[in-house]
file data-v3.csv (CSV, C-alpha atoms)
chain,number,residue,atom,x,y,z
Y,18,MET,CA,61.4,197.2,50.6
Y,19,ARG,CA,63.2,193.9,50.4
Y,20,VAL,CA,63.9,192.3,53.7
Y,21,PRO,CA,67.1,190.2,53.8
Y,22,SER,CA,66.4,186.7,55.0
Y,23,THR,CA,68.0,185.4,58.2
Y,24,ARG,CA,70.3,182.3,57.6
Y,25,HIS,CA,72.1,180.0,60.0
Y,26,ARG,CA,75.8,179.7,59.3
Y,27,TRP,CA,77.2,176.3,58.4
Y,28,CYS,CA,78.9,174.7,61.5
Y,29,PRO,CA,82.3,173.1,60.7
Y,30,PRO,CA,82.9,169.5,61.8
Y,31,GLY,CA,85.2,170.5,64.7
Y,32,ALA,CA,82.5,172.7,66.2
Y,33,GLY,CA,81.1,169.8,68.3
Y,34,LEU,CA,84.5,169.4,70.1
Y,35,LEU,CA,84.9,173.2,70.6
Y,36,LEU,CA,81.4,173.6,72.0
Y,37,ALA,CA,81.9,170.6,74.3
Y,38,LEU,CA,85.0,172.3,75.8
Y,39,LEU,CA,83.5,175.8,76.0
Y,40,ALA,CA,79.9,174.9,76.9
Y,41,PRO,CA,80.1,175.5,80.7
Y,42,PRO,CA,81.6,179.0,80.5
Y,43,LEU,CA,79.4,180.0,77.5
Y,44,ALA,CA,76.2,178.9,79.3
Y,45,ALA,CA,76.8,181.6,81.9
Y,46,GLN,CA,77.1,184.2,79.1
Y,47,THR,CA,75.1,184.8,75.9
Y,48,SER,CA,73.5,182.0,74.1
Y,49,LEU,CA,74.3,181.0,70.5
Y,50,SER,CA,72.3,183.1,68.0
Y,51,PRO,CA,72.3,183.7,64.2
Y,52,GLN,CA,74.0,186.8,62.9
Y,53,SER,CA,71.7,189.8,62.5
Y,54,PRO,CA,71.3,191.6,59.2
Y,55,ALA,CA,74.1,194.0,58.2
Y,56,GLY,CA,74.0,197.2,60.2
Y,57,GLN,CA,71.8,195.7,63.0
Y,58,PRO,CA,73.0,194.6,66.4
Y,59,SER,CA,72.7,190.9,67.2
Y,60,GLN,CA,69.8,190.1,69.4
Y,61,PRO,CA,70.2,187.5,72.1
Y,62,SER,CA,68.1,184.4,71.8
Y,63,GLN,CA,67.6,181.2,73.8
Y,64,PRO,CA,69.6,178.1,72.8
Y,65,THR,CA,67.9,175.4,70.9
Y,66,ALA,CA,66.5,172.5,72.9
Y,67,PRO,CA,69.2,169.9,72.0
Y,68,LEU,CA,72.1,172.3,72.7
Y,69,ASP,CA,70.4,173.4,76.0
Y,70,ALA,CA,70.1,169.8,77.1
Y,71,CYS,CA,73.8,169.2,76.3
Y,72,VAL,CA,74.9,172.2,78.5
Y,73,GLN,CA,73.4,170.5,81.6
Y,74,ILE,CA,75.5,167.3,81.2
Y,75,GLY,CA,78.3,167.1,83.6
Y,76,PRO,CA,80.9,164.5,82.4
Y,77,SER,CA,82.8,166.0,79.4
Y,78,ALA,CA,82.8,162.7,77.4
Y,79,ASP,CA,79.0,162.5,77.6
Y,80,ARG,CA,78.6,166.2,76.9
Y,81,LEU,CA,80.8,165.9,73.8
Y,82,ALA,CA,78.7,162.9,72.6
Y,83,CYS,CA,75.5,165.0,73.1
Y,84,TYR,CA,76.9,167.9,71.0
Y,85,ASP,CA,78.1,165.5,68.3
Y,86,LYS,CA,74.6,164.1,68.1
Y,87,ALA,CA,73.0,167.5,68.0
Y,88,MET,CA,75.3,168.7,65.2
Y,89,GLY,CA,74.7,165.5,63.2
Y,90,ARG,CA,78.2,164.1,63.6
Y,91,ALA,CA,79.0,160.4,63.8
Y,92,PRO,CA,79.7,159.2,67.3
Y,93,ALA,CA,83.4,159.0,68.3
Y,94,ALA,CA,85.1,155.6,68.3
Y,95,GLU,CA,84.7,153.8,71.6
Y,96,LEU,CA,87.6,153.8,74.0
Y,97,PRO,CA,89.5,150.5,74.4
Y,98,ALA,CA,87.9,148.3,77.0
Y,99,GLN,CA,89.6,148.1,80.3
Y,100,VAL,CA,91.5,145.0,81.3
Y,101,ASP,CA,89.3,142.5,83.0
Y,102,THR,CA,90.1,141.9,86.6
Y,103,PRO,CA,90.6,138.4,87.9
Y,104,ALA,CA,87.4,136.4,88.5
Y,105,ASN,CA,88.1,136.3,92.2
Y,106,GLY,CA,88.0,140.1,92.4
Y,107,ALA,CA,91.6,140.6,93.2
Y,108,SER,CA,93.1,143.1,90.7
Y,109,ALA,CA,96.5,142.3,89.4
Y,110,PRO,CA,98.7,145.3,90.3
Y,111,ALA,CA,100.9,146.9,87.6
Y,112,ALA,CA,104.7,146.5,87.7
Y,113,THR,CA,106.6,149.7,88.7
Y,114,SER,CA,110.1,148.6,87.7
Y,115,LEU,CA,112.0,151.0,85.4
Y,116,LEU,CA,114.0,148.2,83.8
Y,117,ALA,CA,113.2,147.5,80.2
Y,118,PRO,CA,114.8,145.6,77.3
Y,119,THR,CA,117.3,147.5,75.1
Y,120,GLY,CA,115.4,149.7,72.6
Y,121,ALA,CA,112.1,149.4,74.5
Y,122,ALA,CA,110.3,151.9,76.7
Y,123,ALA,CA,110.3,151.2,80.5
Y,124,PRO,CA,107.1,149.4,81.7
Y,125,VAL,CA,105.8,152.4,83.6
Y,126,ALA,CA,106.2,154.8,80.6
Y,127,ALA,CA,104.7,152.3,78.2
Y,128,ALA,CA,101.7,151.5,80.3
Y,129,ALA,CA,99.3,153.8,78.5
Y,130,GLU,CA,100.1,152.2,75.1
Y,131,ARG,CA,99.3,148.6,76.3
Y,132,SER,CA,95.9,146.9,76.4
Y,133,GLU,CA,96.9,145.3,79.8
Y,134,PRO,CA,99.1,146.0,82.8
Y,135,PRO,CA,102.8,146.1,81.9
Y,136,SER,CA,104.7,142.9,82.7
Y,137,LEU,CA,108.4,142.7,83.3
Y,138,MET,CA,108.2,138.9,82.9
Y,139,SER,CA,106.6,139.3,79.5
Y,140,LYS,CA,109.2,141.8,78.4
Y,141,PHE,CA,112.0,139.5,79.5
Y,142,TRP,CA,110.7,136.4,77.7
Y,143,GLU,CA,108.6,138.2,75.0
Y,144,LEU,CA,105.4,136.5,76.0
Y,145,ASP,CA,102.8,139.0,74.8
Y,146,ALA,CA,102.5,139.9,71.1
Y,147,GLN,CA,103.5,143.6,71.7
Y,148,ASP,CA,106.8,142.4,73.3
Y,149,LYS,CA,108.0,140.1,70.5
Y,150,ARG,CA,111.3,141.3,69.1
Y,151,GLY,CA,112.1,138.7,66.5
Y,152,VAL,CA,115.0,136.2,66.4
Y,153,PHE,CA,118.8,136.3,66.9
Y,154,ASN,CA,118.9,139.4,69.1
Y,155,LEU,CA,121.7,139.0,71.7
Y,156,LEU,CA,120.3,139.6,75.1
Y,157,GLY,CA,121.2,139.2,78.8
Y,158,TYR,CA,120.0,136.0,80.5
Y,159,ARG,CA,121.1,135.5,84.1
Y,160,PRO,CA,122.7,138.4,86.0
Y,161,ASN,CA,125.9,139.6,84.4
Y,162,TYR,CA,128.3,140.9,87.1
Y,163,VAL,CA,131.8,141.5,88.2
Y,164,LEU,CA,132.6,141.2,91.9
Y,165,PRO,CA,136.1,142.4,92.6
Y,166,LEU,CA,135.5,141.8,96.3
Y,167,HIS,CA,134.2,138.3,97.2
Y,168,ARG,CA,135.0,136.6,100.5
Y,169,THR,CA,134.0,133.2,101.7
Y,170,SER,CA,133.9,131.7,105.2
Y,171,ARG,CA,135.7,128.6,103.9
Y,172,ILE,CA,137.8,127.9,100.8
Y,173,ASN,CA,137.8,124.5,99.3
Y,174,ARG,CA,141.5,123.6,99.4
Y,175,ALA,CA,141.0,119.9,98.8
Y,176,PRO,CA,138.1,119.3,96.3
Y,177,GLN,CA,137.1,115.7,95.9
Y,178,SER,CA,134.1,113.5,94.9
Y,179,PRO,CA,133.2,109.8,95.5
Y,180,ASN,CA,135.2,108.6,92.5
Y,181,GLN,CA,137.7,111.4,92.2
Y,182,ALA,CA,140.7,111.7,94.6
Y,183,ALA,CA,141.2,114.9,96.6
Y,184,VAL,CA,143.5,117.5,95.1
Y,185,GLU,CA,145.5,119.6,97.6
Y,186,LEU,CA,145.5,123.3,96.9
Y,187,PRO,CA,146.9,124.8,100.2
Y,188,ASN,CA,147.6,128.3,99.0
Y,189,TYR,CA,144.0,129.3,98.0
Y,190,ARG,CA,142.8,132.4,99.7
Y,191,ARG,CA,139.3,133.1,101.0
Y,192,GLU,CA,139.3,136.5,99.2
Y,193,GLU,CA,138.9,136.3,95.5
Y,194,ALA,CA,137.0,137.9,92.6
Y,195,LYS,CA,133.9,136.4,91.0
Y,196,PHE,CA,132.2,137.2,87.7
Y,197,GLN,CA,129.5,135.8,85.5
Y,198,PHE,CA,128.6,136.4,81.8
Y,199,SER,CA,125.2,135.1,80.6
Y,200,LEU,CA,123.6,135.7,77.2
Y,201,ARG,CA,120.7,134.3,75.3
Y,202,THR,CA,119.1,134.6,71.8
Y,203,LYS,CA,115.8,133.5,70.3
Y,204,LEU,CA,116.3,130.8,67.6
Y,205,ALA,CA,112.6,130.5,66.5
Y,206,GLN,CA,109.4,132.4,67.2
Y,207,ASP,CA,105.8,131.1,67.4
Y,208,VAL,CA,106.7,127.4,67.2
Y,209,LEU,CA,104.7,124.4,68.4
Y,210,LEU,CA,102.3,126.2,70.7
Y,211,PRO,CA,100.7,129.7,70.2
Y,212,GLY,CA,103.4,132.3,71.0
Y,213,GLY,CA,105.9,129.6,71.9
Y,214,ASP,CA,109.6,130.5,71.4
Y,215,LEU,CA,112.8,128.5,71.3
Y,216,TRP,CA,115.9,130.1,72.9
Y,217,ALA,CA,119.6,129.2,73.2
Y,218,ALA,CA,121.6,130.5,76.2
Y,219,PHE,CA,125.1,130.4,77.5
Y,220,THR,CA,126.4,131.2,81.0
Y,221,GLN,CA,130.0,131.3,82.3
Y,222,GLN,CA,130.8,131.8,86.0
Y,223,ALA,CA,134.4,132.1,87.3
Y,224,MET,CA,136.2,132.4,90.6
Y,225,TRP,CA,139.5,134.2,90.2
Y,226,GLN,CA,142.2,134.3,92.9
Y,227,ILE,CA,143.1,137.8,91.9
Y,228,TRP,CA,144.4,138.6,95.4
Y,229,ASN,CA,146.6,135.5,95.5
Y,230,GLY,CA,149.9,136.8,94.1
Y,231,LYS,CA,151.8,133.9,95.7
Y,232,ASP,CA,150.2,131.5,93.2
Y,233,SER,CA,150.3,133.9,90.3
Y,234,LYS,CA,146.6,134.8,90.6
Y,235,PRO,CA,145.0,131.6,89.2
Y,236,PHE,CA,141.4,131.0,88.2
Y,237,ARG,CA,140.2,128.6,90.9
Y,238,ASN,CA,137.1,127.5,89.0
Y,239,SER,CA,135.2,128.2,85.8
Y,240,ASP,CA,131.8,126.7,85.0
Y,241,TYR,CA,130.3,126.7,81.5
Y,242,GLU,CA,126.6,126.1,80.9
Y,243,PRO,CA,124.9,126.0,77.4
Y,244,GLU,CA,121.1,125.6,77.4
Y,245,LEU,CA,118.2,125.1,75.0
Y,246,ILE,CA,115.0,126.6,76.4
Y,247,TYR,CA,111.4,126.4,75.1
Y,248,ILE,CA,109.0,129.0,76.5
Y,249,ALA,CA,105.2,128.7,76.1
Y,250,PRO,CA,103.0,131.6,77.3
Y,251,THR,CA,100.0,130.7,79.4
Y,252,PRO,CA,96.7,131.1,77.5
Y,253,GLN,CA,94.6,134.1,78.7
Y,254,GLY,CA,91.9,131.8,80.1
Y,255,LEU,CA,94.3,130.0,82.4
Y,256,ARG,CA,96.4,132.9,83.5
Y,257,GLU,CA,94.4,134.3,86.4
Y,258,LEU,CA,95.3,132.9,89.9
Y,259,PRO,CA,94.1,133.8,93.4
Y,260,PHE,CA,95.2,137.0,95.2
Y,261,GLY,CA,96.1,138.8,91.9
Y,262,TRP,CA,98.8,136.4,90.8
Y,263,GLN,CA,99.1,135.4,87.2
Y,264,TRP,CA,100.6,132.2,85.7
Y,265,ARG,CA,102.6,133.7,82.8
Y,266,TYR,CA,104.6,130.8,81.2
Y,267,THR,CA,105.8,127.2,81.2
Y,268,GLN,CA,109.4,126.3,80.4
Y,269,LEU,CA,111.1,123.1,79.2
Y,270,GLY,CA,114.8,123.2,79.1
Y,271,LEU,CA,117.9,121.0,78.3
Y,272,ALA,CA,121.3,122.0,79.8
Y,273,HIS,CA,124.9,120.8,80.2
Y,274,GLN,CA,127.2,122.2,82.8
Y,275,SER,CA,130.9,121.5,83.1
Y,276,ASN,CA,133.9,123.1,84.8
Y,277,GLY,CA,136.2,122.2,81.8
Y,278,GLN,CA,138.8,120.5,84.0
Y,279,SER,CA,140.5,117.2,83.5
Y,280,ASP,CA,140.5,114.4,86.1
Y,281,PRO,CA,140.6,114.5,89.1
Y,282,LEU,CA,139.0,118.0,89.1
Y,283,SER,CA,136.5,117.3,86.3
Y,284,ARG,CA,132.9,118.0,87.3
Y,285,SER,CA,129.9,117.9,84.9
Y,286,TRP,CA,126.2,116.9,84.5
Y,287,ASN,CA,123.4,117.0,82.0
Y,288,ARG,CA,119.8,117.8,83.0
Y,289,ILE,CA,116.3,118.6,81.8
Y,290,ASN,CA,114.1,121.0,83.7
Y,291,LEU,CA,110.5,121.9,83.9
Y,292,ALA,CA,109.7,125.4,85.1
Y,293,ALA,CA,106.8,127.8,85.5
Y,294,GLY,CA,106.7,131.6,85.9
Y,295,PHE,CA,104.2,133.6,88.0
Y,296,GLU,CA,103.9,137.3,88.7
Y,297,ARG,CA,102.0,139.9,90.6
Y,298,GLY,CA,102.9,143.5,90.1
Y,299,ASP,CA,106.5,144.1,91.2
Y,300,TRP,CA,106.8,140.4,92.3
Y,301,SER,CA,107.6,137.3,90.3
Y,302,LEU,CA,108.1,133.7,91.3
Y,303,ILE,CA,109.9,131.0,89.2
Y,304,THR,CA,109.7,127.3,90.1
Y,305,ARG,CA,112.1,124.8,88.5
Y,306,PHE,CA,112.3,121.0,88.8
Y,307,LEU,CA,115.5,119.4,87.6
Y,308,ARG,CA,116.0,115.9,86.4
Y,309,ARG,CA,119.6,114.7,85.9
Y,310,LEU,CA,120.2,112.6,82.8
Y,311,LYS,CA,121.9,109.3,83.6
Y,312,GLU,CA,125.6,108.8,82.8
Y,313,ASP,CA,127.8,105.8,82.6
Y,314,ALA,CA,129.2,105.1,86.1
Y,315,SER,CA,132.7,104.9,84.7
Y,316,THR,CA,132.6,108.4,83.4
Y,317,ASP,CA,130.4,110.1,86.1
Y,318,ASN,CA,132.7,112.4,88.0
Y,319,ASN,CA,130.1,113.5,90.5
Y,320,PRO,CA,127.4,110.8,91.0
Y,321,ASP,CA,126.0,112.4,94.1
Y,322,LEU,CA,125.7,115.9,92.8
Y,323,VAL,CA,121.9,116.4,93.1
Y,324,ASN,CA,122.0,115.2,96.7
Y,325,PHE,CA,124.0,118.3,97.6
Y,326,ARG,CA,123.2,120.9,94.9
Y,327,GLY,CA,119.5,120.1,94.7
Y,328,ARG,CA,116.7,118.9,92.4
Y,329,GLY,CA,114.5,121.9,92.6
Y,330,GLU,CA,114.7,125.7,92.6
Y,331,PHE,CA,112.4,128.5,93.8
Y,332,GLN,CA,113.3,132.0,92.7
Y,333,LEU,CA,111.5,135.0,94.1
Y,334,ASN,CA,112.2,138.3,92.3
Y,335,TRP,CA,111.2,141.9,93.3
Y,336,ALA,CA,111.6,144.9,91.0
Y,337,HIS,CA,110.3,148.2,92.3
Y,338,GLY,CA,111.3,151.5,90.7
Y,339,LYS,CA,115.1,151.4,90.5
Y,340,HIS,CA,115.6,148.6,92.9
Y,341,THR,CA,115.8,144.9,92.1
Y,342,ALA,CA,116.2,141.9,94.5
Y,343,GLN,CA,116.3,138.2,94.0
Y,344,LEU,CA,116.1,135.3,96.5
Y,345,LEU,CA,117.0,131.8,95.2
Y,346,TYR,CA,116.4,128.6,97.2
Y,347,ARG,CA,117.8,125.3,96.0
Y,348,THR,CA,116.5,122.2,97.5
Y,349,THR,CA,117.2,118.4,97.2
Y,350,LEU,CA,113.4,117.8,97.9
Y,351,LYS,CA,114.6,115.2,100.4
Y,352,ASP,CA,116.9,116.7,103.0
Y,353,ALA,CA,116.8,120.3,104.2
Y,354,LYS,CA,120.4,120.2,105.4
Y,355,TYR,CA,121.6,120.4,101.8
Y,356,GLY,CA,120.8,122.8,98.9
Y,357,ALA,CA,121.6,126.5,99.1
Y,358,LEU,CA,120.2,130.0,99.6
Y,359,GLN,CA,121.4,133.0,97.5
Y,360,PHE,CA,120.3,136.7,97.7
Y,361,GLU,CA,121.1,139.4,95.2
Y,362,TRP,CA,120.3,143.1,95.2
Y,363,THR,CA,121.0,145.8,92.5
Y,364,TYR,CA,120.6,149.6,92.2
Y,365,PRO,CA,121.7,151.9,89.3
Y,366,VAL,CA,125.0,153.6,89.6
Y,367,PHE,CA,123.6,156.5,87.6
Y,368,GLY,CA,120.0,157.3,88.6
Y,369,ASP,CA,118.9,158.3,85.1
Y,370,GLN,CA,120.1,155.0,83.5
Y,371,PRO,CA,118.3,152.2,85.3
Y,372,ASN,CA,119.2,149.8,82.4
Y,373,GLY,CA,122.9,150.7,82.6
Y,374,LEU,CA,125.6,149.9,85.1
Y,375,ARG,CA,124.2,148.9,88.5
Y,376,TRP,CA,125.6,148.3,92.0
Y,377,TYR,CA,125.4,144.6,92.8
Y,378,VAL,CA,125.6,142.7,96.1
Y,379,GLN,CA,125.4,138.9,96.4
Y,380,ALA,CA,125.2,136.6,99.5
Y,381,PHE,CA,125.4,132.8,99.4
Y,382,ARG,CA,124.9,130.1,101.9
Y,383,GLY,CA,125.0,126.3,101.3
Y,384,TYR,CA,126.4,123.8,98.8
Y,385,GLY,CA,127.3,124.2,95.2
Y,386,GLU,CA,128.3,127.8,94.7
Y,387,THR,CA,130.5,126.3,91.9
Y,388,LEU,CA,130.6,122.8,90.4
Y,389,THR,CA,133.9,122.1,92.1
Y,390,ASP,CA,132.3,123.0,95.4
Y,391,TYR,CA,129.1,121.0,94.8
Y,392,ASN,CA,129.6,119.0,98.0
Y,393,PHE,CA,131.3,121.8,100.0
Y,394,ARG,CA,129.4,124.0,102.3
Y,395,GLN,CA,130.3,127.7,102.7
Y,396,ASN,CA,129.0,131.2,103.3
Y,397,SER,CA,130.1,134.0,101.0
Y,398,ILE,CA,129.4,137.6,100.2
Y,399,GLY,CA,130.5,139.8,97.3
Y,400,ALA,CA,130.1,143.3,96.0
Y,401,GLY,CA,130.6,144.9,92.6
Y,402,PHE,CA,128.7,145.8,89.5
Y,403,SER,CA,126.1,144.3,87.2
Y,404,PHE,CA,125.5,145.2,83.5
Y,405,LEU,CA,123.5,144.1,80.5
Y,406,GLN,CA,120.3,143.7,82.5
Y,407,PHE,CA,118.4,142.2,79.5

call {"tool": "encode", "arguments": {"input": "data-v3.csv", "output": "structure tokens"}}
result
Amino acid sequence: MRVPSTRHRWCPPGAGLLLALLAPPLAAQTSLSPQSPAGQPSQPSQPTAPLDACVQIGPSADRLACYDKAMGRAPAAELPAQVDTPANGASAPAATSLLAPTGAAAPVAAAAERSEPPSLMSKFWELDAQDKRGVFNLLGYRPNYVLPLHRTSRINRAPQSPNQAAVELPNYRREEAKFQFSLRTKLAQDVLLPGGDLWAAFTQQAMWQIWNGKDSKPFRNSDYEPELIYIAPTPQGLRELPFGWQWRYTQLGLAHQSNGQSDPLSRSWNRINLAAGFERGDWSLITRFLRRLKEDASTDNNPDLVNFRGRGEFQLNWAHGKHTAQLLYRTTLKDAKYGALQFEWTYPVFGDQPNGLRWYVQAFRGYGETLTDYNFRQNSIGAGFSFLQF
């Protein structure tokens, strides 16, 4: 009588994965065995030594690798290496802000797709390779806002400067509206230094006497500020700082600011600035040092401007979930009596649209809320809306 031979069935390539997932429950039941001849019931048998060894492995990834090896499959590709922590042992926390550039996923949602913790500063200035978006995209720069309600402790009814006579404006009211529009675009990408980008920006800020019907609701002041900005990302080897902070970029800028008025109300200045950006999770810090470019004394309408407005700026930002806040300190670097302090806070009007319309509150104390008021001290507060986050 011819006895049929017993054969092991061929195991398809996906069997290793299936076995890895089912191994623990199957180990408590019957062991794998070849099929018995036709008409004969299957006889249980002990698992082979390699498979039996795999069953005992706890971690699923290691157990899967064991089954792949036993079945003769090539090992799975290694998982991406984790981001190195700073040398001082302080881990850099990930940002939790839901803000993101137009057309990009929010930092929290995109965290799994990045090789390093998400960075709001990188997304804003396109520092990392995965955040580059090309040139000539129109984006927000400084906060864009409309404040229908803005009230100041003092209104400048007689603006003047050392070489400009005072102008009497007795009917100005302390209640007015304030708005700011600020845009930027990248002119060139990856220029000069690795990852370095050249940007152009324009900001307009205006104070509108909208509640002053007696004077036909005039614009009290409008400031115009075009800029050229070069941003150079910090090399990876120089980025890590103590306490989890990271030095993200260095900035060199050239700016002109003017109120567009004729004498005796004309105010303007040109400057260069050197800045650096630092961040740690939800926090970021920007330091700027300003150098005014010299003008001819006969055409300089505000020769003492930096003695009031300041020569340096320190800007602390916080972005957590749906909230954002900013504290700006301007300093003359010589006299603490001058300069200014400004606080801003925003929150989305619609909770499911963090990049859309946001509630906006601004408080100011000091000199230079506008160019016309560069040497005039006041306290003010305003409320309204911000838009076009970036």

call {"tool": "closest_residue", "arguments": {"input": "data-v3.csv", "among": "Y:Arg265, Y:Lys339, Y:Arg394, Y:Arg305", "to": "Gln370 in chain Y", "atoms": "all atoms listed in the file"}}
result
Y:Lys339

call {"tool": "closest_residue", "arguments": {"input": "data-v3.csv", "among": "Y:Ala223, Y:Ala293, Y:Leu388, Y:Ile248", "to": "Gln263 in chain Y", "atoms": "all atoms listed in the file"}}
result
Y:Ala293

call {"tool": "residues_near_point", "arguments": {"input": "data-v3.csv", "point": "(122.6, 139.8, 90.9)", "cutoff": "8 Å", "atoms": "all atoms listed in the file", "output": "VMD selection string"}}
result
chain Y and resid 160 to 162 342 to 343 360 to 363 377 to 379 403

call {"tool": "residues_around", "arguments": {"input": "data-v3.csv", "residues": "Thr220 in chain Y", "least_positions_apart": "5", "cutoff": "7 Å", "atoms": "all atoms listed in the file", "output": "ChimeraX atom specification"}}
result
/Y:198-200,241-243

call {"tool": "closest_residue", "arguments": {"input": "data-v3.csv", "among": "Y:Asn238, Y:Asn287, Y:Thr316, Y:Gln206", "to": "Asn180 in chain Y", "atoms": "all atoms listed in the file"}}
result
Y:Thr316

call {"tool": "closest_residue", "arguments": {"input": "data-v3.csv", "among": "Y:Glu193, Y:Glu143, Y:Glu257, Y:Glu185", "to": "Leu215 in chain Y", "atoms": "only C-alpha atoms"}}
result
Y:Glu143

call {"tool": "closest_residue", "arguments": {"input": "data-v3.csv", "among": "Y:Arg168, Y:Arg150, Y:Lys231, Y:Arg288", "to": "Leu245 in chain Y", "atoms": "all atoms listed in the file"}}
result
Y:Arg288

call {"tool": "residues_around", "arguments": {"input": "data-v3.csv", "residues": "Val152 in chain Y", "least_positions_apart": "3", "cutoff": "12 Å", "atoms": "all atoms listed in the file", "output": "list in words"}}
result
Glu143, Lys149, Leu155, Leu156, Arg201, Thr202, Lys203, Leu204, Ala205, Gln206, Asp207, Asp214, Leu215, Trp216 and Ala217 of chain Y

call {"tool": "closest_residue", "arguments": {"input": "data-v3.csv", "among": "Y:Arg297, Y:Asp232, Y:Gln177, Y:Gln226", "to": "Pro135 in chain Y", "atoms": "all atoms listed in the file"}}
result
Y:Arg297

call {"tool": "residues_around", "arguments": {"input": "data-v3.csv", "residues": "Asp280 in chain Y", "least_positions_apart": "5", "cutoff": "9 Å", "atoms": "only C-alpha atoms", "output": "ChimeraX atom specification"}}
result
/Y:181-182,318

call {"tool": "atom_distance", "arguments": {"input": "data-v3.csv", "atom1": "CA of Ser170 in chain Y", "atom2": "CA of Asp390 in chain Y"}}
result
13.2 Å

call {"tool": "decode", "arguments": {"input": "data-v3.csv", "residues": "range 157-171 of chain Y", "atoms": "N, CA and C atoms", "output": "mmCIF file, in the first residue's frame"}}
result
data_model
loop_
_atom_site.group_PDB
_atom_site.id
_atom_site.type_symbol
_atom_site.label_atom_id
_atom_site.label_comp_id
_atom_site.auth_asym_id
_atom_site.auth_seq_id
_atom_site.Cartn_x
_atom_site.Cartn_y
_atom_site.Cartn_z
ATOM 1 N N GLY Y 157 1.536 86.638 6.493
ATOM 2 C CA GLY Y 157 1.501 87.621 7.562
ATOM 3 C C GLY Y 157 2.879 87.789 8.182
ATOM 4 N N TYR Y 158 3.129 88.972 8.730
ATOM 5 C CA TYR Y 158 4.427 89.257 9.355
ATOM 6 C C TYR Y 158 4.206 89.614 10.824
ATOM 7 N N ARG Y 159 4.063 90.878 11.131
ATOM 8 C CA ARG Y 159 3.684 91.270 12.479
ATOM 9 C C ARG Y 159 2.178 91.062 12.646
ATOM 10 N N PRO Y 160 1.659 91.180 13.874
ATOM 11 C CA PRO Y 160 0.222 90.962 14.055
ATOM 12 C C PRO Y 160 -0.617 91.872 13.159
ATOM 13 N N ASN Y 161 -1.600 91.289 12.503
ATOM 14 C CA ASN Y 161 -2.583 92.044 11.724
ATOM 15 C C ASN Y 161 -3.841 92.172 12.583
ATOM 16 N N TYR Y 162 -4.267 93.398 12.854
ATOM 17 C CA TYR Y 162 -5.387 93.563 13.770
ATOM 18 C C TYR Y 162 -6.183 94.824 13.448
ATOM 19 N N VAL Y 163 -7.406 94.822 13.946
ATOM 20 C CA VAL Y 163 -8.283 95.996 13.930
ATOM 21 C C VAL Y 163 -8.827 96.150 15.342
ATOM 22 N N LEU Y 164 -8.574 97.316 15.947
ATOM 23 C CA LEU Y 164 -9.048 97.603 17.302
ATOM 24 C C LEU Y 164 -10.048 98.754 17.239
ATOM 25 N N PRO Y 165 -11.344 98.466 17.151
ATOM 26 C CA PRO Y 165 -12.332 99.551 17.112
ATOM 27 C C PRO Y 165 -12.344 100.362 18.403
ATOM 28 N N LEU Y 166 -11.951 99.716 19.502
ATOM 29 C CA LEU Y 166 -11.924 100.381 20.800
ATOM 30 C C LEU Y 166 -10.478 100.496 21.265
ATOM 31 N N HIS Y 167 -9.971 101.709 21.298
ATOM 32 C CA HIS Y 167 -8.604 101.967 21.761
ATOM 33 C C HIS Y 167 -8.631 103.272 22.546
ATOM 34 N N ARG Y 168 -8.186 103.204 23.794
ATOM 35 C CA ARG Y 168 -8.240 104.394 24.657
ATOM 36 C C ARG Y 168 -6.863 104.627 25.265
ATOM 37 N N THR Y 169 -6.440 105.882 25.291
ATOM 38 C CA THR Y 169 -5.148 106.248 25.848
ATOM 39 C C THR Y 169 -5.323 107.168 27.053
ATOM 40 N N SER Y 170 -4.355 107.125 27.954
ATOM 41 C CA SER Y 170 -4.412 107.982 29.141
ATOM 42 C C SER Y 170 -4.161 109.442 28.789
ATOM 43 N N ARG Y 171 -3.378 109.670 27.721
ATOM 44 C CA ARG Y 171 -3.071 111.026 27.257
ATOM 45 C C ARG Y 171 -3.061 111.012 25.736
#
